[in-house]
Structures are given as structure tokens and as C-alpha cells.
file query_11.csv (CSV, C-alpha atoms and all ligand atoms)
chain,number,residue,atom,x,y,z
A,1,MET,CA,104.5,68.9,104.1
A,2,GLU,CA,103.9,70.6,100.8
A,3,ASN,CA,105.5,74.0,100.2
A,4,ILE,CA,103.2,76.4,98.3
A,5,LEU,CA,104.6,79.7,97.1
A,6,VAL,CA,101.9,82.4,97.6
A,7,VAL,CA,102.7,85.4,95.4
A,8,GLY,CA,100.9,88.4,96.8
A,9,GLY,CA,100.4,86.6,100.1
A,10,ALA,CA,100.5,89.8,102.0
A,11,GLY,CA,97.5,91.2,100.1
A,12,TYR,CA,93.8,91.1,100.8
A,13,ILE,CA,92.9,87.7,99.4
A,14,GLY,CA,96.4,86.2,99.6
A,15,SER,CA,96.5,86.8,103.4
A,16,HIS,CA,93.3,84.9,103.9
A,17,ALA,CA,94.5,82.1,101.6
A,18,ILE,CA,97.8,81.6,103.5
A,19,ARG,CA,95.8,81.0,106.7
A,20,SER,CA,93.6,78.5,105.0
A,21,LEU,CA,96.6,76.7,103.6
A,22,LYS,CA,98.2,76.6,107.1
A,23,ALA,CA,95.0,75.3,108.6
A,24,ALA,CA,95.0,72.5,106.0
A,25,GLY,CA,98.5,71.5,106.8
A,26,TYR,CA,100.4,73.2,104.0
A,27,ASN,CA,103.5,75.3,104.4
A,28,ALA,CA,102.7,78.7,102.7
A,29,VAL,CA,105.7,80.7,101.7
A,30,VAL,CA,104.8,84.3,101.1
A,31,TYR,CA,106.4,86.2,98.1
A,32,ASP,CA,105.3,89.8,98.0
A,33,ASN,CA,106.9,93.1,96.9
A,34,LEU,CA,104.7,94.9,99.5
A,35,SER,CA,103.7,97.6,96.9
A,36,LYS,CA,100.1,97.0,98.0
A,37,GLY,CA,100.3,94.3,100.6
A,38,HIS,CA,100.9,94.6,104.3
A,39,GLY,CA,103.8,92.9,106.1
A,40,SER,CA,101.7,92.4,109.2
A,41,ALA,CA,99.1,90.4,107.2
A,42,ALA,CA,101.8,87.7,106.6
A,43,LYS,CA,103.0,87.7,110.2
A,44,GLY,CA,103.9,84.1,111.3
A,45,PHE,CA,104.6,83.0,107.8
A,46,LYS,CA,107.9,82.6,105.9
A,47,PHE,CA,108.2,85.8,104.0
A,48,ILE,CA,110.3,86.7,101.0
A,49,LYS,CA,110.3,90.2,99.7
A,50,GLY,CA,110.4,90.1,95.9
A,51,ASP,CA,108.8,91.2,92.7
A,52,LEU,CA,106.7,89.1,90.4
A,53,GLY,CA,108.9,90.1,87.4
A,54,ASP,CA,112.1,89.0,89.1
A,55,LYS,CA,112.7,85.6,87.4
A,56,LYS,CA,116.2,85.2,88.9
A,57,LYS,CA,114.9,85.6,92.4
A,58,LEU,CA,112.0,83.3,91.8
A,59,LEU,CA,114.3,80.6,90.5
A,60,LYS,CA,116.3,80.8,93.7
A,61,VAL,CA,113.2,80.7,95.8
A,62,PHE,CA,111.9,77.6,93.9
A,63,ALA,CA,115.2,75.8,94.5
A,64,GLU,CA,115.7,76.8,98.1
A,65,GLN,CA,112.2,76.4,99.3
A,66,LYS,CA,111.3,73.2,97.4
A,67,ILE,CA,108.1,74.7,96.1
A,68,SER,CA,105.6,72.2,94.6
A,69,ALA,CA,102.9,74.7,93.5
A,70,VAL,CA,102.2,78.4,93.2
A,71,MET,CA,99.2,80.5,94.0
A,72,HIS,CA,99.3,83.9,92.3
A,73,PHE,CA,97.4,86.8,93.9
A,74,ALA,CA,99.7,89.7,93.1
A,75,ALA,CA,97.8,92.0,90.7
A,76,LEU,CA,96.3,95.4,90.3
A,77,ALA,CA,92.6,95.1,90.5
A,78,GLU,CA,90.8,98.4,90.0
A,79,VAL,CA,88.6,98.6,87.0
A,80,GLY,CA,88.5,102.4,87.0
A,81,GLN,CA,92.3,102.8,87.3
A,82,SER,CA,92.9,100.3,84.6
A,83,VAL,CA,90.9,102.4,82.2
A,84,LYS,CA,93.1,105.5,83.1
A,85,GLU,CA,96.4,103.7,83.3
A,86,PRO,CA,96.4,100.6,81.1
A,87,ALA,CA,100.2,100.5,80.7
A,88,LEU,CA,100.5,99.8,84.4
A,89,TYR,CA,98.0,97.0,84.2
A,90,TYR,CA,99.4,95.3,81.1
A,91,LYS,CA,102.9,95.4,82.7
A,92,ASN,CA,101.9,94.1,86.2
A,93,ASN,CA,99.0,91.8,85.4
A,94,THR,CA,100.3,90.3,82.2
A,95,ALA,CA,103.9,90.9,81.3
A,96,LYS,CA,105.3,90.2,84.7
A,97,VAL,CA,103.3,87.0,85.1
A,98,LEU,CA,105.4,85.6,82.2
A,99,SER,CA,108.5,85.9,84.4
A,100,LEU,CA,106.8,83.8,87.1
A,101,LEU,CA,105.5,81.2,84.6
A,102,ASP,CA,108.8,80.9,82.9
A,103,ALA,CA,110.6,80.5,86.2
A,104,MET,CA,108.1,77.8,87.1
A,105,VAL,CA,108.7,76.0,83.8
A,106,GLU,CA,112.4,76.2,84.2
A,107,ALA,CA,112.3,75.0,87.8
A,108,GLY,CA,109.8,72.2,87.0
A,109,VAL,CA,107.1,73.6,89.3
A,110,LYS,CA,104.0,72.2,87.6
A,111,TYR,CA,100.9,73.5,89.4
A,112,PHE,CA,99.5,77.0,89.3
A,113,VAL,CA,96.4,78.6,90.8
A,114,PHE,CA,95.6,81.8,89.1
A,115,SER,CA,93.3,84.6,90.4
A,116,SER,CA,91.2,85.7,87.5
A,117,THR,CA,88.1,87.7,87.5
A,118,ALA,CA,84.5,88.1,86.4
A,119,ALA,CA,85.7,91.1,84.4
A,120,VAL,CA,86.9,88.7,81.7
A,121,PHE,CA,83.3,88.2,80.6
A,122,GLY,CA,82.4,91.9,79.8
A,123,GLU,CA,78.7,92.6,79.4
A,124,PRO,CA,76.9,89.4,80.3
A,125,ILE,CA,74.5,87.8,77.7
A,126,LYS,CA,72.8,85.7,80.3
A,127,LYS,CA,71.8,86.1,83.9
A,128,TYR,CA,74.1,83.7,85.6
A,129,ILE,CA,77.6,83.6,84.1
A,130,ASP,CA,79.1,80.1,83.8
A,131,GLU,CA,82.6,79.2,82.6
A,132,ALA,CA,81.5,78.8,78.9
A,133,HIS,CA,80.1,82.4,78.7
A,134,PRO,CA,81.8,84.4,75.9
A,135,LYS,CA,84.9,86.3,77.2
A,136,ARG,CA,84.8,89.8,75.9
A,137,PRO,CA,86.2,92.1,78.6
A,138,ILE,CA,85.2,95.8,78.4
A,139,ASN,CA,88.0,97.2,80.5
A,140,PRO,CA,91.8,96.8,80.5
A,141,TYR,CA,91.8,95.0,83.9
A,142,GLY,CA,89.6,92.2,82.5
A,143,LYS,CA,91.8,92.1,79.3
A,144,THR,CA,95.0,91.6,81.3
A,145,LYS,CA,93.5,88.7,83.1
A,146,LEU,CA,92.1,87.1,80.0
A,147,MET,CA,95.5,87.3,78.4
A,148,VAL,CA,97.0,85.3,81.2
A,149,GLU,CA,94.2,82.8,80.9
A,150,ASN,CA,95.1,82.3,77.2
A,151,ILE,CA,98.8,82.1,78.0
A,152,LEU,CA,98.1,79.4,80.5
A,153,GLN,CA,96.3,77.3,77.9
A,154,ASP,CA,99.3,77.5,75.6
A,155,TYR,CA,101.8,76.8,78.5
A,156,ALA,CA,99.8,73.7,79.4
A,157,LEU,CA,100.0,72.4,75.9
A,158,ALA,CA,103.6,73.2,75.3
A,159,TYR,CA,105.2,72.9,78.8
A,160,GLY,CA,102.7,70.8,80.8
A,161,LEU,CA,102.1,73.5,83.3
A,162,LYS,CA,98.7,72.7,85.0
A,163,SER,CA,96.6,75.6,86.1
A,164,ALA,CA,93.4,76.3,87.9
A,165,VAL,CA,91.9,79.5,86.7
A,166,LEU,CA,89.6,81.0,89.4
A,167,ARG,CA,87.4,83.8,88.3
A,168,TYR,CA,86.3,85.7,91.4
A,169,PHE,CA,83.2,87.8,91.3
A,170,ASN,CA,83.4,90.5,94.1
A,171,ALA,CA,85.7,89.4,96.9
A,172,ALA,CA,84.4,90.8,100.1
A,173,GLY,CA,84.4,90.5,103.9
A,174,ALA,CA,87.2,89.7,106.3
A,175,ASP,CA,88.4,86.9,108.5
A,176,ASP,CA,86.2,86.2,111.6
A,177,THR,CA,89.2,86.9,113.9
A,178,GLY,CA,89.3,90.6,112.7
A,179,ASP,CA,93.1,90.2,112.4
A,180,ILE,CA,93.2,90.7,108.6
A,181,GLY,CA,90.9,92.4,106.1
A,182,GLU,CA,90.6,94.7,103.2
A,183,ALA,CA,93.0,97.7,103.3
A,184,HIS,CA,93.7,99.5,100.0
A,185,THR,CA,95.3,102.9,99.7
A,186,PRO,CA,93.4,104.7,98.3
A,187,GLU,CA,90.3,102.6,99.0
A,188,THR,CA,88.1,102.2,95.9
A,189,HIS,CA,85.9,99.2,96.8
A,190,LEU,CA,82.3,99.5,97.7
A,191,ILE,CA,82.0,97.7,101.1
A,192,PRO,CA,84.9,99.4,102.9
A,193,LEU,CA,83.8,102.7,101.5
A,194,ILE,CA,80.3,102.2,102.8
A,195,LEU,CA,81.6,101.1,106.2
A,196,GLN,CA,84.0,104.1,106.4
A,197,ALA,CA,81.0,106.3,105.7
A,198,ALA,CA,79.1,104.5,108.6
A,199,LEU,CA,82.1,105.3,110.9
A,200,GLY,CA,82.0,108.9,109.9
A,201,LYS,CA,85.5,108.7,108.3
A,202,ARG,CA,83.8,109.7,105.0
A,203,GLU,CA,81.0,112.2,104.4
A,204,ASP,CA,79.0,109.8,102.3
A,205,ILE,CA,79.1,106.9,99.9
A,206,LYS,CA,79.0,107.8,96.2
A,207,ILE,CA,76.7,105.7,94.1
A,208,PHE,CA,78.2,105.3,90.6
A,209,GLY,CA,75.2,105.6,88.3
A,210,SER,CA,71.5,105.1,89.1
A,211,ASN,CA,70.2,104.6,85.5
A,212,TYR,CA,71.4,101.1,84.8
A,213,LYS,CA,68.9,98.6,83.6
A,214,THR,CA,68.6,96.8,87.0
A,215,LYS,CA,66.0,96.5,89.7
A,216,ASP,CA,66.8,99.9,91.3
A,217,GLY,CA,69.0,101.5,88.6
A,218,THR,CA,72.3,100.7,90.5
A,219,CYS,CA,74.9,98.1,89.5
A,220,VAL,CA,74.3,94.5,90.6
A,221,ARG,CA,77.3,92.4,91.7
A,222,ASP,CA,77.9,89.0,93.3
A,223,TYR,CA,79.7,89.4,96.6
A,224,ILE,CA,81.7,86.4,97.8
A,225,HIS,CA,83.5,86.1,101.1
A,226,VAL,CA,87.4,86.0,101.0
A,227,ASN,CA,87.5,82.9,103.2
A,228,ASP,CA,85.1,81.1,100.8
A,229,LEU,CA,87.5,82.1,98.0
A,230,ALA,CA,90.5,80.9,100.0
A,231,SER,CA,88.8,77.5,100.5
A,232,ALA,CA,88.2,77.3,96.8
A,233,HIS,CA,91.9,77.7,96.2
A,234,LEU,CA,92.8,74.7,98.3
A,235,LEU,CA,90.1,72.6,96.7
A,236,ALA,CA,91.2,73.7,93.2
A,237,LEU,CA,94.9,73.0,93.9
A,238,LYS,CA,94.1,69.5,95.1
A,239,TYR,CA,91.9,68.9,92.1
A,240,ILE,CA,94.5,69.8,89.5
A,241,GLN,CA,97.1,67.8,91.3
A,242,LYS,CA,95.0,64.8,91.7
A,243,HIS,CA,93.7,64.8,88.1
A,244,ASN,CA,96.9,66.3,86.7
A,245,THR,CA,94.8,68.6,84.6
A,246,CYS,CA,93.9,72.2,84.0
A,247,ALA,CA,90.5,73.6,85.2
A,248,ASP,CA,88.6,76.8,85.4
A,249,PHE,CA,85.9,77.8,87.9
A,250,ASN,CA,83.7,80.8,88.3
A,251,LEU,CA,83.5,81.7,92.0
A,252,GLY,CA,80.5,83.6,93.3
A,253,SER,CA,77.5,83.2,95.6
A,254,SER,CA,75.1,83.1,92.5
A,255,LYS,CA,73.2,86.0,94.2
A,256,GLY,CA,73.2,89.5,92.9
A,257,PHE,CA,72.9,92.6,95.1
A,258,SER,CA,72.6,96.2,93.9
A,259,VAL,CA,74.7,99.0,95.3
A,260,LYS,CA,71.6,100.4,97.1
A,261,GLU,CA,70.9,97.0,98.6
A,262,MET,CA,74.5,96.8,99.8
A,263,ILE,CA,74.1,100.2,101.5
A,264,ASP,CA,70.8,99.1,103.1
A,265,CYS,CA,72.3,95.9,104.4
A,266,ALA,CA,75.2,97.9,105.9
A,267,ARG,CA,72.7,100.2,107.6
A,268,LYS,CA,71.0,97.1,109.1
A,269,ILE,CA,74.3,95.5,110.3
A,270,THR,CA,75.9,98.6,111.6
A,271,GLY,CA,72.9,100.4,113.0
A,272,ARG,CA,74.5,103.6,111.7
A,273,LYS,CA,73.3,106.3,109.4
A,274,ILE,CA,75.0,106.2,106.0
A,275,LYS,CA,74.6,109.2,103.6
A,276,THR,CA,74.6,108.6,99.9
A,277,GLN,CA,75.2,110.7,96.9
A,278,THR,CA,74.5,109.6,93.3
A,279,VAL,CA,77.2,110.5,90.9
A,280,ALA,CA,78.1,109.6,87.3
A,281,ARG,CA,78.8,106.0,86.2
A,282,ARG,CA,82.3,104.7,86.5
A,283,ALA,CA,83.9,103.8,83.2
A,284,GLY,CA,84.2,100.1,82.5
A,285,ASP,CA,81.4,98.9,84.8
A,286,PRO,CA,78.9,96.4,83.4
A,287,ALA,CA,75.3,96.7,84.8
A,288,VAL,CA,75.1,93.1,86.3
A,289,LEU,CA,77.7,90.4,87.1
A,290,VAL,CA,76.4,87.3,88.8
A,291,ALA,CA,78.1,83.9,88.8
A,292,ASN,CA,76.9,80.4,88.0
A,293,SER,CA,79.2,78.4,90.3
A,294,LYS,CA,77.7,75.0,89.7
A,295,LYS,CA,80.9,73.7,88.2
A,296,ALA,CA,82.9,74.5,91.3
A,297,ALA,CA,80.2,73.0,93.5
A,298,LYS,CA,80.2,69.7,91.4
A,299,ALA,CA,83.8,69.2,90.7
A,300,LEU,CA,85.3,70.6,93.9
A,301,GLY,CA,82.5,70.2,96.4
A,302,TRP,CA,82.8,73.9,97.0
A,303,THR,CA,79.9,75.7,98.8
A,304,PRO,CA,80.2,79.3,100.1
A,305,LYS,CA,79.5,79.5,103.8
A,306,TYR,CA,79.1,83.3,104.3
A,307,ASN,CA,75.9,85.0,103.3
A,308,LEU,CA,75.7,88.8,102.7
A,309,ASP,CA,74.9,89.6,106.4
A,310,LYS,CA,78.0,87.7,107.4
A,311,ILE,CA,80.1,89.3,104.7
A,312,ILE,CA,79.2,92.8,105.9
A,313,ALA,CA,79.4,91.8,109.6
A,314,THR,CA,83.0,90.5,109.2
A,315,ALA,CA,84.0,93.5,107.1
A,316,TRP,CA,82.5,95.8,109.8
A,317,ASN,CA,84.3,94.0,112.6
A,318,TRP,CA,87.5,94.5,110.6
A,319,GLU,CA,86.8,98.2,109.7
A,320,LYS,CA,86.0,99.2,113.3
A,321,HIS,CA,89.3,97.8,114.7
A,322,ARG,CA,91.6,97.9,111.7
A,323,LYS,CA,95.2,96.8,112.4
A,324,TYR,CA,96.7,98.2,109.3
B,1,LIG,N1,80.7,101.4,93.5
B,1,LIG,C1,80.0,102.6,93.9
B,1,LIG,N2,80.6,103.5,94.7
B,1,LIG,C2,81.9,103.4,95.1
B,1,LIG,C3,82.6,102.2,94.7
B,1,LIG,C4,81.9,101.2,94.0
B,1,LIG,O1,78.8,102.7,93.5
B,1,LIG,O2,82.4,104.3,95.8
B,1,LIG,C5,80.0,100.4,92.7
B,1,LIG,C6,80.7,100.0,91.4
B,1,LIG,O3,80.3,100.9,90.4
B,1,LIG,C7,80.4,98.6,91.2
B,1,LIG,C8,80.2,98.0,92.7
B,1,LIG,O4,80.0,99.2,93.5
B,1,LIG,O5,79.1,98.4,90.6
B,1,LIG,C9,81.4,97.3,93.2
B,1,LIG,O6,82.6,98.0,92.9
B,1,LIG,P1,84.0,97.6,93.5
B,1,LIG,O7,84.9,98.7,93.1
B,1,LIG,O8,83.8,97.3,95.0
B,1,LIG,O9,84.4,96.2,92.8
B,1,LIG,P2,84.5,95.8,91.3
B,1,LIG,O10,83.1,95.5,90.8
B,1,LIG,O11,85.1,97.0,90.6
B,1,LIG,O12,85.4,94.6,91.3

call {"tool": "encode", "arguments": {"input": "query_11.csv", "output": "C-alpha cells"}}
result
Amino acid sequence: MENILVVGGAGYIGSHAIRSLKAAGYNAVVYDNLSKGHGSAAKGFKFIKGDLGDKKKLLKVFAEQKISAVMHFAALAEVGQSVKEPALYYKNNTAKVLSLLDAMVEAGVKYFVFSSTAAVFGEPIKKYIDEAHPKRPINPYGKTKLMVENILQDYALAYGLKSAVLRYFNAAGADDTGDIGEAHTPETHLIPLILQAALGKREDIKIFGSNYKTKDGTCVRDYIHVNDLASAHLLALKYIQKHNTCADFNLGSSKGFSVKEMIDCARKITGRKIKTQTVARRAGDPAVLVANSKKAAKALGWTPKYNLDKIIATAWNWEKHRKY
């Protein structure tokens, strides 16, 4: 059985990935500092509390756990916060990743699956963003992730570290079991905030800007279910191992929904009233971000299984009965 170190495995996407790994016959070892993650999200898995920047500890873990590959989910991922606190982002999302990569090189762990983001592209110059689209991030979050992408190219050439760069569009939804889901403090993401408004836990949902050049003036995003992202990680890992190569994939549904459409869909799924309030734009937000995921479909055989209704239904199931 292959042992995979899942850094950030107690977080939102990581906790879904460890279940997919387990279901596929891997042994997922969770490494998390629990600064954002939830211990209960990793229940039933080997858990090591540790920091991404702790090279010494990582070297020990690699040796003791006989790790053959690493999936890295531990990052700060809020565009707005990254504009206000860039130092935090460069430290956590870029500088500390070097400790992890250096530990991997030293320990001879060769395969790395990296969570990147659509935010590396900045303002799109075409409707569907493929891997070759120019990468000109417009916020610190996107810049920190692009820096790691560039570092990975150089580490591949110099040290033979093989990576899969997976650029998520908007991760969304929750596991069908309702055992795990999205839980950030404070919550800043659209779907949980809409659903909390539906539950009456919030007065309303704030719409960040209604004068974008989009179908209804609100931002358009490509929402992709966490379990579909998790399955892409498995396929990407197998791919880079089999071909002993690096690869990059844009992961989205290739469908764009506006903030207003998301709220309407949530009204339909929940049957609840959801009040809205239009406020100023949020700094760092491009108008439209939609993926072209043909490369992942072709090379990995990856096809998303959850449509928007299912994404919101699973998120609603989680939000109503949240365990943490
Ligand atoms: N958004 C919004 N109100 C909120 C939170 C988000 O209108 O309270 C918008 C945001 O401007 C963006 C989209 O919803 O266009 C998705 O934002 P989110 O923070 O969920 O994900 P991101 O796109 O930052 O990864």
C-alpha cells in the first residue's frame, strides 16, 4: 500500500481527498498544524500535527512513514485577505512551501501534487481559461501560488521532483455523507454564506459589486465539487507517477454562474427566503473566471460528476447539520 502525505489533510479540500485516497486503496497520512483545519475532519486517519515550514519534522515523517508522494493542500486562500495582509500569504503559501519541497528532495520523495488556483491567471483574455492562458495574477493570493508553480518547474529540472499542478476554479459543495464540509472562521466564501443566510444565521448575503461586465452585473465563477477535485488528485498522482513527468491541469466544470444565479439556485434547493444586499466590489476580484478543463478530461479521463444543483444540495445538507 502506498503511503501519501497529505499536508493540510484536515482542511476543506484535503479532508475530502483523504477519503478518496482511502477508497482507492492508499494510506493517507495527514500532516496539519490545525491552524485552519479541524481534527475531526481527519478522524480515522493517521494524524501528525506539524507545520509546513518545519523541515526537520517533515524529514522525520518521510523516513518513519515511508512516504512515496505528497499532496499539498495547506494554504491561505482568501483573495480579499491576501490584498490586506500580503506578508502572511507570501510566508505561508510560498516561503514555507520551500521547506516542504526541500525536505522532499532531501528524503528522495519524488512526486508532488500541488493545489494551485484560477487566481494565477488574473483577468482572462478569453472565455474559457486553458493551461496555456497567460498567467498574470491580480492579487497576492494568485501571485503566491504562481511563484510555487515556477519554483516547481525549476525543482523538476534541477532535482527531478515531479509535480502535478492542479488549478482549482471555485471549490464547492460537501461530501454526500454530510460528515465533512466547508468550515472557515470567519467564513468568507459565497456558498456557505448564502446558505447561512437561508438558515437565518445571517441577515442577508452581500453581493460584492453589481456593475461588472457580465450577464447580470455580478461576478461569474466556475464552481466545482470538492469530491470531483479529490478524484482529480488521484488521477493526477497516478499520471505523474506512470509517466514520470510533470503536468498541469485546470480543474473546473467549464460552466460559469453569476453570484445572482448562485443565490437563485440556493433559493430553489433550500426552499428558503434569502435576502440580498448589494455592496461595493471586493478588491482583487476579476469579473469572470471559467475553466477549460479539456486537458484533464483527455489526459486523466477526468469528468466532474456533480452539477450545480448537487453542489448546493450537498453544501446545504452539510450546513444544516454541521459537525464542526
Ligand atoms: N462573493 C459575494 N459575496 C460574498 C462572498 C463572495 O458576492 O459574501 C462573490 C465574490 O466576489 C466572488 C464569488 O462570490 O465573485 C466567489 O467568491 P468566494 O470568496 O466564494 O471564492 P473566490 O472566488 O474568492 O475563490

call {"tool": "residues_near_ligand", "arguments": {"input": "query_11.csv", "ligand": "ligand LIG 1 (chain B)", "cutoff": "9 Å", "atoms": "all atoms listed in the file", "output": "VMD selection string"}}
result
chain A and resid 77 to 80 117 to 119 168 to 172 187 to 194 205 to 210 218 to 223 258 to 260 262 278 to 279 281 to 289

call {"tool": "residues_around", "arguments": {"input": "query_11.csv", "residues": "Ile125 (chain A)", "least_positions_apart": "4", "cutoff": "9 Å", "atoms": "all atoms listed in the file", "output": "PyMOL selection string"}}
result
chain A and resi 129+133-134

call {"tool": "residues_around", "arguments": {"input": "query_11.csv", "residues": "Ala156 (chain A)", "least_positions_apart": "3", "cutoff": "12 Å", "atoms": "all atoms listed in the file", "output": "PyMOL selection string"}}
result
chain A and resi 101+105+110-112+149-153+159-164+244-247

call {"tool": "atom_distance", "arguments": {"input": "query_11.csv", "atom1": "CA of Phe249 (chain A)", "atom2": "CA of Ile13 (chain A)"}}
result
16.7 Å

call {"tool": "closest_residue", "arguments": {"input": "query_11.csv", "among": "A:Leu229, A:Cys265, A:Leu34, A:Val120", "to": "Asn139 (chain A)", "atoms": "all atoms listed in the file"}}
result
A:Val120

call {"tool": "residues_around", "arguments": {"input": "query_11.csv", "residues": "Ile67 (chain A)", "least_positions_apart": "2", "cutoff": "7 Å", "atoms": "all atoms listed in the file", "output": "PyMOL selection string"}}
result
chain A and resi 3-5+62+65+69+109

call {"tool": "closest_residue", "arguments": {"input": "query_11.csv", "among": "A:Leu157, A:Ala296, A:Leu88, A:Ala183", "to": "Leu76 (chain A)", "atoms": "all atoms listed in the file"}}
result
A:Leu88

call {"tool": "atom_distance", "arguments": {"input": "query_11.csv", "atom1": "CA of Lys49 (chain A)", "atom2": "CA of Met71 (chain A)"}}
result
15.8 Å

call {"tool": "residues_around", "arguments": {"input": "query_11.csv", "residues": "Trp302 (chain A)", "least_positions_apart": "2", "cutoff": "10 Å", "atoms": "all atoms listed in the file", "output": "list in words"}}
result
Asp228, Leu229, Ser231, Ala232, His233, Leu235, Ala236, Leu251, Ser293, Lys294, Lys295, Ala296, Ala297, Lys298, Ala299, Leu300, Pro304 and Lys305 of chain A

call {"tool": "build_atoms", "arguments": {"input": "query_11.csv", "residues": "region 47-75 of chain A", "atoms": "N, CA and C atoms", "output": "CSV table (one decimal), in the frame of the given file"}}
result
chain,number,residue,atom,x,y,z
A,47,PHE,N,108.4,84.7,104.9
A,47,PHE,CA,108.2,85.8,104.0
A,47,PHE,C,109.4,86.2,103.2
A,48,ILE,N,109.2,86.3,101.9
A,48,ILE,CA,110.3,86.7,101.0
A,48,ILE,C,109.9,87.9,100.2
A,49,LYS,N,110.6,89.0,100.4
A,49,LYS,CA,110.3,90.2,99.7
A,49,LYS,C,110.8,90.1,98.2
A,50,GLY,N,109.9,90.2,97.3
A,50,GLY,CA,110.4,90.1,95.9
A,50,GLY,C,109.3,90.5,94.9
A,51,ASP,N,109.8,90.7,93.7
A,51,ASP,CA,108.8,91.2,92.7
A,51,ASP,C,108.5,90.0,91.7
A,52,LEU,N,107.2,90.1,91.3
A,52,LEU,CA,106.7,89.1,90.4
A,52,LEU,C,107.5,89.0,89.1
A,53,GLY,N,108.1,90.1,88.7
A,53,GLY,CA,108.9,90.1,87.4
A,53,GLY,C,110.3,89.7,87.6
A,54,ASP,N,110.7,89.3,88.8
A,54,ASP,CA,112.1,89.0,89.1
A,54,ASP,C,112.4,87.5,89.0
A,55,LYS,N,112.6,87.1,87.7
A,55,LYS,CA,112.7,85.6,87.4
A,55,LYS,C,113.9,85.0,88.2
A,56,LYS,N,115.0,85.7,88.2
A,56,LYS,CA,116.2,85.2,88.9
A,56,LYS,C,115.9,84.9,90.4
A,57,LYS,N,115.3,85.8,91.0
A,57,LYS,CA,114.9,85.6,92.4
A,57,LYS,C,114.0,84.4,92.6
A,58,LEU,N,113.0,84.4,91.7
A,58,LEU,CA,112.0,83.3,91.8
A,58,LEU,C,112.6,81.9,91.6
A,59,LEU,N,113.6,81.9,90.7
A,59,LEU,CA,114.3,80.6,90.5
A,59,LEU,C,115.0,80.1,91.7
A,60,LYS,N,115.6,81.1,92.4
A,60,LYS,CA,116.3,80.8,93.7
A,60,LYS,C,115.3,80.3,94.7
A,61,VAL,N,114.2,81.0,94.8
A,61,VAL,CA,113.2,80.7,95.8
A,61,VAL,C,112.7,79.2,95.5
A,62,PHE,N,112.4,78.9,94.3
A,62,PHE,CA,111.9,77.6,93.9
A,62,PHE,C,112.9,76.5,94.4
A,63,ALA,N,114.1,76.8,94.1
A,63,ALA,CA,115.2,75.8,94.5
A,63,ALA,C,115.3,75.7,96.0
A,64,GLU,N,115.4,76.8,96.6
A,64,GLU,CA,115.7,76.8,98.1
A,64,GLU,C,114.5,76.3,98.9
A,65,GLN,N,113.3,76.7,98.5
A,65,GLN,CA,112.2,76.4,99.3
A,65,GLN,C,111.5,75.1,98.9
A,66,LYS,N,112.0,74.4,97.9
A,66,LYS,CA,111.3,73.2,97.4
A,66,LYS,C,109.8,73.3,97.2
A,67,ILE,N,109.5,74.3,96.3
A,67,ILE,CA,108.1,74.7,96.1
A,67,ILE,C,107.5,73.6,95.1
A,68,SER,N,106.2,73.2,95.5
A,68,SER,CA,105.6,72.2,94.6
A,68,SER,C,104.4,72.9,93.8
A,69,ALA,N,104.0,74.0,94.2
A,69,ALA,CA,102.9,74.7,93.5
A,69,ALA,C,102.9,76.2,93.8
A,70,VAL,N,102.3,77.0,93.0
A,70,VAL,CA,102.2,78.4,93.2
A,70,VAL,C,100.8,78.9,93.1
A,71,MET,N,100.4,79.8,94.1
A,71,MET,CA,99.2,80.5,94.0
A,71,MET,C,99.5,82.0,93.7
A,72,HIS,N,98.9,82.5,92.8
A,72,HIS,CA,99.3,83.9,92.3
A,72,HIS,C,98.2,84.9,92.6
A,73,PHE,N,98.4,85.8,93.6
A,73,PHE,CA,97.4,86.8,93.9
A,73,PHE,C,97.8,88.2,93.6
A,74,ALA,N,99.1,88.4,93.2
A,74,ALA,CA,99.7,89.7,93.1
A,74,ALA,C,99.2,90.4,91.8
A,75,ALA,N,98.3,91.3,91.9
A,75,ALA,CA,97.8,92.0,90.7
A,75,ALA,C,97.2,93.3,91.1
